[in-house]
Amino acid sequence: VSIDHKNTNQPAAAGQKRSRSDSGNKVTVVLGAQWGDEGKGKVVDLLATEADVVCRCQGGNNAGHTVVVDGKEYDFHLLPSGIINPKSTSLIGNGVVIHLPGLFEEGDKNDKKGLKGWEKRLIVSDRAHIVFDFHQVVDGLQETERQAQEGKNIGTTKKGIGPAYSSKASRTGLRVCDLLGDFKDFSTRFKNLVHQYQSMYPSLTVDVEDQLKKLKEYAERLRPMVRDGVYYMYEALHGPPKKILVEGANAALLDIDFGTYPFVTSSNCTVGGACTGLGIPPLNIGDVFGVAKAYTTRVGIGAFPTEQLNVIGELLQTRGHEVGVTTGRKRRCGWLDLVIVRYAHMINGFTAIALTKLDILDVLDEIKVGVAYKLNGKRIPHFPANMDVLHKVEVEYETFPGWKTDTSAARKWSDLPAKAQNYIRFIENHIGVPIKWVGVGKSRECMIQMF
């Protein structure tokens, strides 16, 4: 008997074929469709109220998600936003890089605001890599070096994320399972890693003994939370029905492969990252929700075709309070760019979109939307990989009359002015993906659900 291994459930000996539709629970993935800061935290928070498990699959504490519940503002960087829900479990997957001081500081800070019992609801994959303090120092040194050599840096958050992923890729990184294993062995490998960086950066000083002492303490605090993430996810997918949510950090245009390289983050923040960062087969990916702002913002440097370096850009920045949660930097602002949202959709296959911060556009007389890029007067059919080309493109805009009405009190589609409805329908038709939510404010109630 030949057994088609693709479709058999374990154990194969039973010879029972399993249909592709019976693949277990599906996970819902929420991803940024622009350059980040689209309001993913808000969408995740909305879905997390019903989720059994909320996971992070990539990035580290370079992410910044603000969630408002009962008038309290919680800031999350490494913790999945679902940690707010006392009934759900939060999982930090193998693809995440973890700065332990950052994790506990964040937990304790939110604990003081009323987030109780988070340590009991958090599971950490034993395969996740660790970000050390010296990775953060090196991140700063590299940025200074880039500034000196090329006259420009990447604009990283200096949280050590890039250097930690570099250690991972060069096979010298240390993982959670190493920290919880034989500490003597861990100490040796830690010292070797420090020396490796010191030979590259002679100005780097590390108090190795002090670091190891702290890491030993973190290890004990972390130990009860650590599990084998692969088995945990498998059980969650193949046990009783569960709602599982994956919270993407960063966004499509910051993806290491598909983003505006080199001005990108160091992980895959597109849909593939959910599979590799948690150990989930593609078959178990269900809905993929893209989050896009009703205009565009970008932090740090890099090409930004629809950027408005004028009163419009300033208005969006001030009205939208466009300041980075993680860095406190002012965000650059511009018109909605549908070329990048369509590109994000090509990679991620969004099943629906959440359009956020529509209310920020309430005061504008006219609103523009970028629909195509031109090079030497000719439309180009794709999003350019080359940054020099992207800097040279000319944006073709579609112009809409503003609705000049306060939309922040709208709670359903029919509450929105006709001109705002028109704007939303245009976006939907242009991308070819239904818009499931429209955000008109900060709190949970301000997300209008369309279907």
# chains A, B, ... in the order shown; residues from 1 in each chain; ligands from 1
$ select_by_dssp --residues "region 5-234 of chain A" --states "alpha helix (DSSP H)" --output "VMD selection string"
chain A and resid 40 to 48 100 to 112 118 to 121 133 to 150 161 to 169 176 to 179 183 to 200 208 to 222 229 to 234
$ residues_around --residues "Ala354 (chain A)" --least-positions-apart "3" --cutoff "6 Å" --atoms "only C-alpha atoms" --output "VMD selection string"
chain A and resid 291 435 to 438
$ closest_residue --among "A:Arg121, A:Arg331, A:His129, A:Arg171" --to "Ser81 (chain A)" --atoms "only C-alpha atoms"
A:Arg121
$ closest_residue --among "A:Gly114, A:Gly273, A:Gly286, A:Pro163" --to "Lys72 (chain A)" --atoms "only C-alpha atoms"
A:Gly114
$ residues_around --residues "Asn310 (chain A)" --least-positions-apart "5" --cutoff "12 Å" --atoms "only C-alpha atoms" --output "list in words"
Leu315, Leu316, Gln317, Arg332, Cys333, Gly334 and Trp335 of chain A
$ write_last_selection --atoms "all heavy atoms" --output "compact mmCIF listing (two decimals), in the first residue's frame"
# COMPACT_ATOMS: atom_id res chain seq x y z
N LEU A 315 0.04 68.37 8.73
CA LEU A 315 -1.31 68.20 9.27
C LEU A 315 -1.55 66.74 9.65
O LEU A 315 -2.06 66.43 10.73
CB LEU A 315 -2.35 68.64 8.23
CG LEU A 315 -3.79 68.49 8.70
CD1 LEU A 315 -4.43 69.88 8.88
CD2 LEU A 315 -4.63 67.69 7.75
N LEU A 316 -1.16 65.81 8.77
CA LEU A 316 -1.33 64.39 9.05
C LEU A 316 -0.51 63.99 10.28
O LEU A 316 -0.98 63.24 11.14
CB LEU A 316 -0.91 63.54 7.84
CG LEU A 316 -1.77 63.67 6.58
CD1 LEU A 316 -1.12 62.95 5.40
CD2 LEU A 316 -3.18 63.13 6.80
N GLN A 317 0.70 64.55 10.37
CA GLN A 317 1.58 64.23 11.49
C GLN A 317 0.99 64.70 12.83
O GLN A 317 0.97 63.95 13.80
CB GLN A 317 2.97 64.85 11.26
CG GLN A 317 4.09 64.24 12.09
CD GLN A 317 4.18 64.79 13.49
OE1 GLN A 317 3.96 65.97 13.73
NE2 GLN A 317 4.49 63.92 14.44
N ARG A 332 7.21 60.28 9.19
CA ARG A 332 7.03 61.01 7.94
C ARG A 332 5.65 60.63 7.40
O ARG A 332 5.23 59.49 7.51
CB ARG A 332 8.12 60.58 6.94
CG ARG A 332 9.52 60.88 7.44
CD ARG A 332 10.55 59.97 6.79
NE ARG A 332 10.60 60.10 5.35
CZ ARG A 332 11.23 59.25 4.54
NH1 ARG A 332 11.83 58.19 5.03
NH2 ARG A 332 11.24 59.44 3.25
N CYS A 333 4.94 61.60 6.81
CA CYS A 333 3.56 61.36 6.39
C CYS A 333 3.31 61.70 4.93
O CYS A 333 3.95 62.60 4.37
CB CYS A 333 2.60 62.18 7.26
SG CYS A 333 2.73 61.79 9.00
N GLY A 334 2.34 61.02 4.35
CA GLY A 334 1.97 61.30 2.96
C GLY A 334 0.64 60.65 2.60
O GLY A 334 0.00 60.01 3.44
N TRP A 335 0.24 60.81 1.35
CA TRP A 335 -1.02 60.26 0.88
C TRP A 335 -1.00 58.73 0.88
O TRP A 335 0.07 58.13 0.81
CB TRP A 335 -1.33 60.75 -0.53
CG TRP A 335 -1.54 62.23 -0.68
CD1 TRP A 335 -0.78 63.08 -1.45
CD2 TRP A 335 -2.57 63.03 -0.06
NE1 TRP A 335 -1.28 64.36 -1.34
CE2 TRP A 335 -2.37 64.36 -0.50
CE3 TRP A 335 -3.62 62.74 0.81
CZ2 TRP A 335 -3.20 65.41 -0.10
CZ3 TRP A 335 -4.44 63.78 1.23
CH2 TRP A 335 -4.23 65.10 0.77
$ select_by_dssp --residues "region 239-389 of chain A" --states "strand (DSSP E)" --output "MDAnalysis selection string"
chainID A and resid 244:247 285:293 296:298 332:334 336:337 352:356 366:375 378:380
$ write_last_selection --atoms "N, CA and C atoms" --output "CSV table (one decimal), in the first residue's frame"
chain,number,residue,atom,x,y,z
A,244,ILE,N,-7.0,30.8,17.1
A,244,ILE,CA,-5.5,31.1,17.2
A,244,ILE,C,-5.2,32.3,16.3
A,245,LEU,N,-4.6,33.3,17.0
A,245,LEU,CA,-4.3,34.5,16.3
A,245,LEU,C,-2.8,34.8,16.2
A,246,VAL,N,-2.3,35.2,15.1
A,246,VAL,CA,-0.9,35.5,15.0
A,246,VAL,C,-0.8,37.0,14.7
A,247,GLU,N,0.0,37.7,15.5
A,247,GLU,CA,0.2,39.1,15.5
A,247,GLU,C,1.5,39.5,14.8
A,285,ILE,N,-2.9,28.0,7.8
A,285,ILE,CA,-3.2,29.5,7.7
A,285,ILE,C,-4.6,29.7,7.2
A,286,GLY,N,-5.4,30.4,8.0
A,286,GLY,CA,-6.7,30.8,7.6
A,286,GLY,C,-6.8,32.2,7.0
A,287,ASP,N,-7.6,33.0,7.7
A,287,ASP,CA,-7.7,34.4,7.3
A,287,ASP,C,-6.4,35.2,7.4
A,288,VAL,N,-6.1,36.0,6.5
A,288,VAL,CA,-4.9,36.9,6.6
A,288,VAL,C,-5.4,38.3,6.4
A,289,PHE,N,-5.4,39.0,7.5
A,289,PHE,CA,-5.9,40.4,7.5
A,289,PHE,C,-4.8,41.4,7.4
A,290,GLY,N,-4.9,42.2,6.4
A,290,GLY,CA,-3.9,43.3,6.2
A,290,GLY,C,-4.4,44.6,6.9
A,291,VAL,N,-3.5,45.3,7.5
A,291,VAL,CA,-3.9,46.5,8.2
A,291,VAL,C,-3.2,47.7,7.4
A,292,ALA,N,-4.0,48.6,7.0
A,292,ALA,CA,-3.5,49.8,6.3
A,292,ALA,C,-4.1,51.0,6.8
A,293,LYS,N,-3.3,52.1,6.9
A,293,LYS,CA,-3.8,53.4,7.4
A,293,LYS,C,-4.5,54.1,6.2
A,296,THR,N,-0.4,57.3,4.5
A,296,THR,CA,0.8,56.5,4.6
A,296,THR,C,1.8,57.2,5.6
A,297,THR,N,2.5,56.4,6.4
A,297,THR,CA,3.6,57.0,7.2
A,297,THR,C,4.8,56.1,7.1
A,298,ARG,N,5.9,56.7,7.5
A,298,ARG,CA,7.2,55.9,7.5
A,298,ARG,C,8.1,56.5,8.6
A,332,ARG,N,7.2,60.3,9.2
A,332,ARG,CA,7.0,61.0,7.9
A,332,ARG,C,5.7,60.6,7.4
A,333,CYS,N,4.9,61.6,6.8
A,333,CYS,CA,3.6,61.4,6.4
A,333,CYS,C,3.3,61.7,4.9
A,334,GLY,N,2.3,61.0,4.3
A,334,GLY,CA,2.0,61.3,3.0
A,334,GLY,C,0.6,60.7,2.6
A,336,LEU,N,-2.2,58.1,0.9
A,336,LEU,CA,-2.3,56.7,0.8
A,336,LEU,C,-1.7,56.2,-0.5
A,337,ASP,N,-0.8,55.2,-0.5
A,337,ASP,CA,-0.1,54.7,-1.6
A,337,ASP,C,-0.7,53.3,-1.9
A,352,ALA,N,-9.0,40.0,3.8
A,352,ALA,CA,-9.7,41.2,4.1
A,352,ALA,C,-8.7,42.3,4.7
A,353,ILE,N,-9.2,43.5,4.7
A,353,ILE,CA,-8.3,44.6,5.1
A,353,ILE,C,-9.0,45.4,6.2
A,354,ALA,N,-8.2,45.9,7.1
A,354,ALA,CA,-8.7,46.9,8.1
A,354,ALA,C,-8.1,48.2,7.7
A,355,LEU,N,-8.9,49.2,7.5
A,355,LEU,CA,-8.4,50.6,7.1
A,355,LEU,C,-8.6,51.4,8.3
A,356,THR,N,-7.4,52.0,8.8
A,356,THR,CA,-7.5,52.7,10.1
A,356,THR,C,-7.3,54.2,9.9
A,366,GLU,N,-9.4,68.2,-0.1
A,366,GLU,CA,-9.3,67.2,-1.1
A,366,GLU,C,-8.3,66.1,-0.7
A,367,ILE,N,-8.5,64.9,-1.1
A,367,ILE,CA,-7.7,63.8,-0.7
A,367,ILE,C,-7.2,63.1,-1.9
A,368,LYS,N,-5.9,62.8,-1.9
A,368,LYS,CA,-5.3,62.1,-3.0
A,368,LYS,C,-4.9,60.7,-2.6
A,369,VAL,N,-4.9,59.8,-3.6
A,369,VAL,CA,-4.5,58.4,-3.5
A,369,VAL,C,-3.6,58.1,-4.6
A,370,GLY,N,-2.4,57.6,-4.2
A,370,GLY,CA,-1.4,57.1,-5.3
A,370,GLY,C,-1.9,55.8,-5.9
A,371,VAL,N,-2.0,55.8,-7.2
A,371,VAL,CA,-2.6,54.6,-7.8
A,371,VAL,C,-1.5,53.9,-8.8
A,372,ALA,N,-0.5,54.6,-9.2
A,372,ALA,CA,0.5,54.0,-10.1
A,372,ALA,C,1.8,54.8,-10.0
A,373,TYR,N,2.9,54.1,-10.3
A,373,TYR,CA,4.2,54.8,-10.4
A,373,TYR,C,4.6,55.0,-11.9
A,374,LYS,N,5.1,56.1,-12.2
A,374,LYS,CA,5.6,56.3,-13.6
A,374,LYS,C,7.1,56.5,-13.6
A,375,LEU,N,7.8,56.1,-14.6
A,375,LEU,CA,9.2,56.3,-14.8
A,375,LEU,C,9.4,56.8,-16.2
A,378,LYS,N,6.2,56.8,-18.2
A,378,LYS,CA,5.6,55.5,-18.5
A,378,LYS,C,5.2,54.8,-17.2
A,379,ARG,N,4.0,54.3,-17.1
A,379,ARG,CA,3.6,53.5,-15.9
A,379,ARG,C,4.5,52.2,-15.8
A,380,ILE,N,4.9,52.0,-14.6
A,380,ILE,CA,5.6,50.7,-14.4
A,380,ILE,C,4.7,49.7,-13.7
